[in-house]
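query.cif (mmCIF, C-alpha atoms) appears below.
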data_model
loop_
_atom_site.group_PDB
_atom_site.id
_atom_site.type_symbol
_atom_site.label_atom_id
_atom_site.label_comp_id
_atom_site.auth_asym_id
_atom_site.auth_seq_id
_atom_site.Cartn_x
_atom_site.Cartn_y
_atom_site.Cartn_z
ATOM 1 C CA MET A 1 3.057 6.741 -16.995
ATOM 2 C CA SER A 2 0.668 9.546 -17.974
ATOM 3 C CA ASP A 3 -0.389 13.033 -16.960
ATOM 4 C CA SER A 4 -4.006 11.846 -17.053
ATOM 5 C CA ASN A 5 -3.534 9.311 -14.258
ATOM 6 C CA PRO A 6 -5.093 10.263 -10.909
ATOM 7 C CA LYS A 7 -2.707 11.231 -8.145
ATOM 8 C CA ALA A 8 -2.981 10.988 -4.373
ATOM 9 C CA LEU A 9 -1.108 12.610 -1.515
ATOM 10 C CA PHE A 10 -0.288 11.024 1.834
ATOM 11 C CA GLU A 11 0.527 13.632 4.461
ATOM 12 C CA THR A 12 2.407 11.561 7.041
ATOM 13 C CA SER A 13 4.151 12.275 10.306
ATOM 14 C CA GLN A 14 7.424 11.667 8.406
ATOM 15 C CA GLY A 15 6.646 13.891 5.407
ATOM 16 C CA ASN A 16 4.568 13.856 2.237
ATOM 17 C CA ILE A 17 4.338 11.050 -0.317
ATOM 18 C CA THR A 18 2.719 11.621 -3.719
ATOM 19 C CA ILE A 19 1.623 8.655 -5.808
ATOM 20 C CA GLU A 20 0.378 8.200 -9.349
ATOM 21 C CA LEU A 21 -2.399 5.643 -9.800
ATOM 22 C CA TYR A 22 -2.513 3.351 -12.850
ATOM 23 C CA ALA A 23 -6.266 3.197 -13.461
ATOM 24 C CA GLU A 24 -5.889 1.741 -16.940
ATOM 25 C CA LYS A 25 -3.766 -1.209 -15.752
ATOM 26 C CA ALA A 26 -5.524 -1.828 -12.406
ATOM 27 C CA PRO A 27 -9.054 -0.361 -12.672
ATOM 28 C CA ILE A 28 -10.654 -2.345 -9.822
ATOM 29 C CA THR A 29 -7.755 -1.719 -7.451
ATOM 30 C CA VAL A 30 -7.510 1.991 -8.253
ATOM 31 C CA GLU A 31 -11.266 2.501 -7.868
ATOM 32 C CA ASN A 32 -11.100 0.698 -4.498
ATOM 33 C CA PHE A 33 -8.123 2.799 -3.360
ATOM 34 C CA ILE A 34 -9.757 6.088 -4.418
ATOM 35 C CA ARG A 35 -12.894 5.100 -2.508
ATOM 36 C CA TYR A 36 -10.876 4.641 0.680
ATOM 37 C CA VAL A 37 -9.047 7.943 0.148
ATOM 38 C CA THR A 38 -12.193 9.980 -0.557
ATOM 39 C CA GLU A 39 -14.013 8.444 2.424
ATOM 40 C CA GLY A 40 -11.142 9.525 4.710
ATOM 41 C CA PHE A 41 -10.497 5.890 5.685
ATOM 42 C CA TYR A 42 -6.708 6.217 5.615
ATOM 43 C CA ASP A 43 -6.677 9.377 7.759
ATOM 44 C CA GLY A 44 -5.235 8.503 11.168
ATOM 45 C CA THR A 45 -3.947 5.086 10.101
ATOM 46 C CA ILE A 46 -0.320 4.073 10.490
ATOM 47 C CA PHE A 47 2.371 2.243 8.599
ATOM 48 C CA HIS A 48 2.097 -0.816 10.842
ATOM 49 C CA ARG A 49 4.629 -3.141 9.200
ATOM 50 C CA VAL A 50 8.068 -1.932 8.159
ATOM 51 C CA ILE A 51 10.801 -4.236 6.875
ATOM 52 C CA PRO A 52 14.064 -2.629 5.645
ATOM 53 C CA ASN A 53 15.125 -3.573 2.115
ATOM 54 C CA PHE A 54 11.642 -4.972 1.471
ATOM 55 C CA MET A 55 8.564 -2.770 2.008
ATOM 56 C CA VAL A 56 6.479 -0.500 4.249
ATOM 57 C CA GLN A 57 2.837 -1.470 4.779
ATOM 58 C CA GLY A 58 -0.208 0.470 5.892
ATOM 59 C CA GLY A 59 -3.860 0.942 5.221
ATOM 60 C CA SER A 60 -6.002 -0.235 8.124
ATOM 61 C CA PHE A 61 -4.423 -0.046 11.578
ATOM 62 C CA LYS A 62 -4.836 2.897 13.941
ATOM 63 C CA VAL A 63 -2.145 4.064 16.384
ATOM 64 C CA ASP A 64 -3.561 1.736 19.072
ATOM 65 C CA MET A 65 -3.081 -1.217 16.642
ATOM 66 C CA ARG A 66 -6.815 -1.749 16.320
ATOM 67 C CA GLN A 67 -7.813 -2.525 12.774
ATOM 68 C CA LYS A 68 -10.438 -0.437 11.003
ATOM 69 C CA ASP A 69 -13.229 -2.266 9.207
ATOM 70 C CA GLY A 70 -12.876 -1.835 5.493
ATOM 71 C CA HIS A 71 -15.005 -2.799 2.543
ATOM 72 C CA GLY A 72 -15.005 -6.270 1.045
ATOM 73 C CA ASN A 73 -12.182 -7.982 -0.769
ATOM 74 C CA ILE A 74 -11.367 -7.166 -4.379
ATOM 75 C CA GLN A 75 -10.215 -9.125 -7.414
ATOM 76 C CA ASN A 76 -6.422 -9.515 -7.618
ATOM 77 C CA GLU A 77 -5.166 -7.616 -10.679
ATOM 78 C CA ALA A 78 -1.522 -8.689 -10.383
ATOM 79 C CA ASN A 79 -1.698 -10.078 -13.932
ATOM 80 C CA ASN A 80 -1.665 -6.490 -15.278
ATOM 81 C CA GLY A 81 2.001 -6.425 -16.309
ATOM 82 C CA LEU A 82 3.091 -3.990 -13.565
ATOM 83 C CA GLN A 83 6.044 -5.101 -11.448
ATOM 84 C CA ASN A 84 6.890 -4.906 -7.729
ATOM 85 C CA VAL A 85 9.838 -2.557 -8.136
ATOM 86 C CA VAL A 86 11.237 0.184 -5.897
ATOM 87 C CA GLY A 87 8.575 2.820 -5.287
ATOM 88 C CA SER A 88 5.644 0.791 -6.574
ATOM 89 C CA LEU A 89 2.501 0.352 -4.460
ATOM 90 C CA ALA A 90 0.788 -3.008 -4.330
ATOM 91 C CA MET A 91 -2.177 -4.386 -2.465
ATOM 92 C CA ALA A 92 -1.472 -6.391 0.670
ATOM 93 C CA ARG A 93 -3.485 -9.564 1.145
ATOM 94 C CA THR A 94 -3.619 -12.833 3.042
ATOM 95 C CA SER A 95 -2.504 -16.116 1.471
ATOM 96 C CA ALA A 96 -5.829 -16.112 -0.421
ATOM 97 C CA PRO A 97 -5.101 -14.499 -3.818
ATOM 98 C CA HIS A 98 -8.260 -12.342 -3.936
ATOM 99 C CA SER A 99 -8.298 -11.117 -0.315
ATOM 100 C CA ALA A 100 -7.011 -7.540 -0.679
ATOM 101 C CA SER A 101 -9.179 -4.833 0.830
ATOM 102 C CA SER A 102 -7.647 -1.591 2.175
ATOM 103 C CA GLN A 103 -4.048 -2.473 3.031
ATOM 104 C CA PHE A 104 -1.238 -1.636 0.638
ATOM 105 C CA PHE A 105 2.541 -1.633 0.704
ATOM 106 C CA ILE A 106 5.259 0.423 -0.914
ATOM 107 C CA ASN A 107 8.205 -1.573 -2.220
ATOM 108 C CA VAL A 108 11.605 -0.253 -1.078
ATOM 109 C CA ALA A 109 13.452 -2.896 -3.115
ATOM 110 C CA ASP A 110 12.845 -4.708 -6.385
ATOM 111 C CA ASN A 111 10.685 -7.602 -5.156
ATOM 112 C CA GLY A 112 10.261 -9.703 -8.273
ATOM 113 C CA PHE A 113 9.204 -12.711 -6.212
ATOM 114 C CA LEU A 114 5.927 -10.830 -5.493
ATOM 115 C CA ASN A 115 5.033 -10.535 -9.179
ATOM 116 C CA PHE A 116 2.311 -12.482 -10.968
ATOM 117 C CA THR A 117 3.460 -15.737 -12.563
ATOM 118 C CA SER A 118 0.241 -17.733 -12.999
ATOM 119 C CA GLU A 119 -3.409 -17.881 -11.963
ATOM 120 C CA SER A 120 -2.674 -20.329 -9.143
ATOM 121 C CA SER A 121 -2.579 -19.893 -5.379
ATOM 122 C CA GLN A 122 1.230 -19.657 -5.481
ATOM 123 C CA GLY A 123 1.441 -17.628 -8.674
ATOM 124 C CA TRP A 124 -1.068 -14.801 -8.314
ATOM 125 C CA GLY A 125 1.377 -12.385 -6.726
ATOM 126 C CA TYR A 126 0.574 -8.913 -5.400
ATOM 127 C CA ALA A 127 -1.225 -6.354 -7.578
ATOM 128 C CA VAL A 128 0.793 -3.222 -8.305
ATOM 129 C CA PHE A 129 -1.517 -0.253 -8.895
ATOM 130 C CA ALA A 130 0.541 2.899 -8.327
ATOM 131 C CA GLN A 131 4.013 4.430 -8.123
ATOM 132 C CA VAL A 132 5.574 6.982 -5.786
ATOM 133 C CA ILE A 133 6.347 10.071 -7.890
ATOM 134 C CA ASP A 134 7.463 12.369 -5.058
ATOM 135 C CA GLY A 135 8.558 11.631 -1.493
ATOM 136 C CA MET A 136 10.502 8.429 -2.053
ATOM 137 C CA ASP A 137 13.034 9.846 0.409
ATOM 138 C CA VAL A 138 10.231 9.818 3.008
ATOM 139 C CA VAL A 139 9.394 6.190 2.162
ATOM 140 C CA MET A 140 13.056 5.169 2.473
ATOM 141 C CA ALA A 141 13.313 6.943 5.840
ATOM 142 C CA ILE A 142 10.213 5.072 7.042
ATOM 143 C CA ALA A 143 11.827 1.807 5.918
ATOM 144 C CA GLU A 144 14.742 2.436 8.283
ATOM 145 C CA VAL A 145 12.854 3.209 11.510
ATOM 146 C CA GLU A 146 13.317 1.048 14.581
ATOM 147 C CA THR A 147 10.666 -1.654 14.904
ATOM 148 C CA ALA A 148 9.471 -4.096 17.558
ATOM 149 C CA THR A 149 6.913 -6.811 18.138
ATOM 150 C CA LEU A 150 3.635 -5.512 19.511
ATOM 151 C CA GLY A 151 1.270 -8.272 20.584
ATOM 152 C CA PRO A 152 0.867 -10.611 17.609
ATOM 153 C CA HIS A 153 2.309 -8.021 15.200
ATOM 154 C CA GLY A 154 5.951 -7.985 14.166
ATOM 155 C CA ASP A 155 7.944 -5.228 12.459
ATOM 156 C CA VAL A 156 5.838 -2.434 14.029
ATOM 157 C CA PRO A 157 7.554 0.969 14.169
ATOM 158 C CA LYS A 158 8.355 1.880 17.789
ATOM 159 C CA GLU A 159 7.239 5.448 17.072
ATOM 160 C CA PRO A 160 3.970 5.412 15.096
ATOM 161 C CA ILE A 161 4.228 6.683 11.534
ATOM 162 C CA ILE A 162 0.838 8.261 11.012
ATOM 163 C CA VAL A 163 -1.021 9.056 7.804
ATOM 164 C CA ASN A 164 -2.479 12.350 9.000
ATOM 165 C CA LYS A 165 -4.417 12.803 5.777
ATOM 166 C CA ALA A 166 -4.775 11.097 2.419
ATOM 167 C CA SER A 167 -6.324 13.034 -0.448
ATOM 168 C CA MET A 168 -6.769 12.928 -4.190
ATOM 169 C CA ILE A 169 -4.886 15.826 -5.779
ATOM 170 C CA GLU A 170 -5.761 15.445 -9.491
#
Would you kindly transcribe this structure into structure tokens?
Amino acid sequence: MSDSNPKALFETSQGNITIELYAEKAPITVENFIRYVTEGFYDGTIFHRVIPNFMVQGGSFKVDMRQKDGHGNIQNEANNGLQNVVGSLAMARTSAPHSASSQFFINVADNGFLNFTSESSQGWGYAVFAQVIDGMDVVMAIAEVETATLGPHGDVPKEPIIVNKASMIE
């Protein structure tokens, strides 16, 4: 999008992933994400939900599958015109449209059904706020790891994929 957009680096156990954040299109979401990065919240978390040909999700679970306490929920900005396409990052949430907090996912397919269609409970979609600009090969490798059910959680990688460190790089 622009050289002026902030960028972040995930140093993972599978390799590095660099993302560009779209602060102009998703200001609330980007500010929230940067807060988590600068506080070190993502350090030591895992990609806890991996579904091939769909997405990889992380942002709050530790290796022992205990969830870290994040900040409050944020406004859903899915009506910003950005699309859930390969390599885009969007906020994960519950069925409540404005329930995103720290969890995010990286699309490994074009997932148009996750896009905003209307300001209704079914239509809000999932807010895209960033794009992978380097390390998509790492993301695709994560998407193909072997998964299992662990307690109440499905699609958990058998070998933890750890975010060793997340940092802002520009």
Measure the distance from atom CA of A:Pro27 to atom CA of A:Ala109 in Å and round it to one decimal.
-> 24.6 Å
Long-range neighbours of A:Ala23 as number ranges by chain, 10 Å cut-off, all atoms listed in the file, 6 positions minimum in chain = A: 4-6, 29-31, 129-130
How would you write, as a PyMOL selection string, the residues chosen by the PyMOL selection byres ((chain A and resi 161) around 12) on this structure?
-> chain A and resi 10-16+43-50+56-59+61-65+138-139+141-147+156-160+162-164
With all atoms listed in the file as the atoms that count, which of A:Ala96, A:Val86, A:Ile19, A:Ile28 lies nearest to A:Ser121?
-> A:Ala96
Once the PyMOL selection byres ((chain A and resi 133) around 9) has been applied to the shown file, what residues remain in the selection, as an mmCIF file with C-alpha atoms, keeping the file's coordinate frame?
data_model
loop_
_atom_site.group_PDB
_atom_site.id
_atom_site.type_symbol
_atom_site.label_atom_id
_atom_site.label_comp_id
_atom_site.auth_asym_id
_atom_site.auth_seq_id
_atom_site.Cartn_x
_atom_site.Cartn_y
_atom_site.Cartn_z
ATOM 1 C CA ILE A 17 4.338 11.050 -0.317
ATOM 2 C CA THR A 18 2.719 11.621 -3.719
ATOM 3 C CA ILE A 19 1.623 8.655 -5.808
ATOM 4 C CA GLU A 20 0.378 8.200 -9.349
ATOM 5 C CA GLY A 87 8.575 2.820 -5.287
ATOM 6 C CA GLN A 131 4.013 4.430 -8.123
ATOM 7 C CA VAL A 132 5.574 6.982 -5.786
ATOM 8 C CA ASP A 134 7.463 12.369 -5.058
ATOM 9 C CA GLY A 135 8.558 11.631 -1.493
ATOM 10 C CA MET A 136 10.502 8.429 -2.053
#
Let me know the residues the PyMOL selection byres ((chain A and resi 114) around 7) catches in the file above, as a PyMOL selection string.
-> chain A and resi 84+111-113+115-116+125-126
What gap, in Å, lies between atom CA of A:Gly40 and atom CA of A:Lys25?
-> 24.3 Å
Would you list the residues near (-9.2, -6.0, 0.2) (no more than 10 Å away, in the coordinates of the file, using all atoms listed in the file) as JSON, numbers by chain?
-> {"A": [29, 32, 33, 70, 71, 72, 73, 74, 75, 76, 91, 92, 93, 94, 98, 99, 100, 101, 102, 103, 104]}
Selected residue, from A:Ala127, A:Leu21, A:Ile51, A:Met140, that lies nearest to A:Asp155 when counting only C-alpha atoms = A:Ile51
Kindly give the distance, in Å, that separates atom CA of A:Met168 and atom CA of A:Val128, rounded to a single decimal.
->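 Interatomic distance here is 18.3 Å.
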Shortest contact to A:Ser120, candidates A:Ala166, A:Ile34, A:Leu9, A:Ala78, atoms counted all atoms listed in the file, goes to A:Ala78
Please enclose the listed atoms of stretch 131-145 of chain A in an axis-aligned box, pad each side by 5 Å, and write out the centre and the three edge lengths in Å, rounded to one decimal, as JSON.
{"center_x": 9.4, "center_y": 7.1, "center_z": 1.7, "size_x": 20.7, "size_y": 20.6, "size_z": 29.6}
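Shortest separation to A:Leu82 among A:Glu170, A:Glu24, A:His153, A:Ala8 occurs at residue A:Glu24, atoms counted being all atoms listed in the file.
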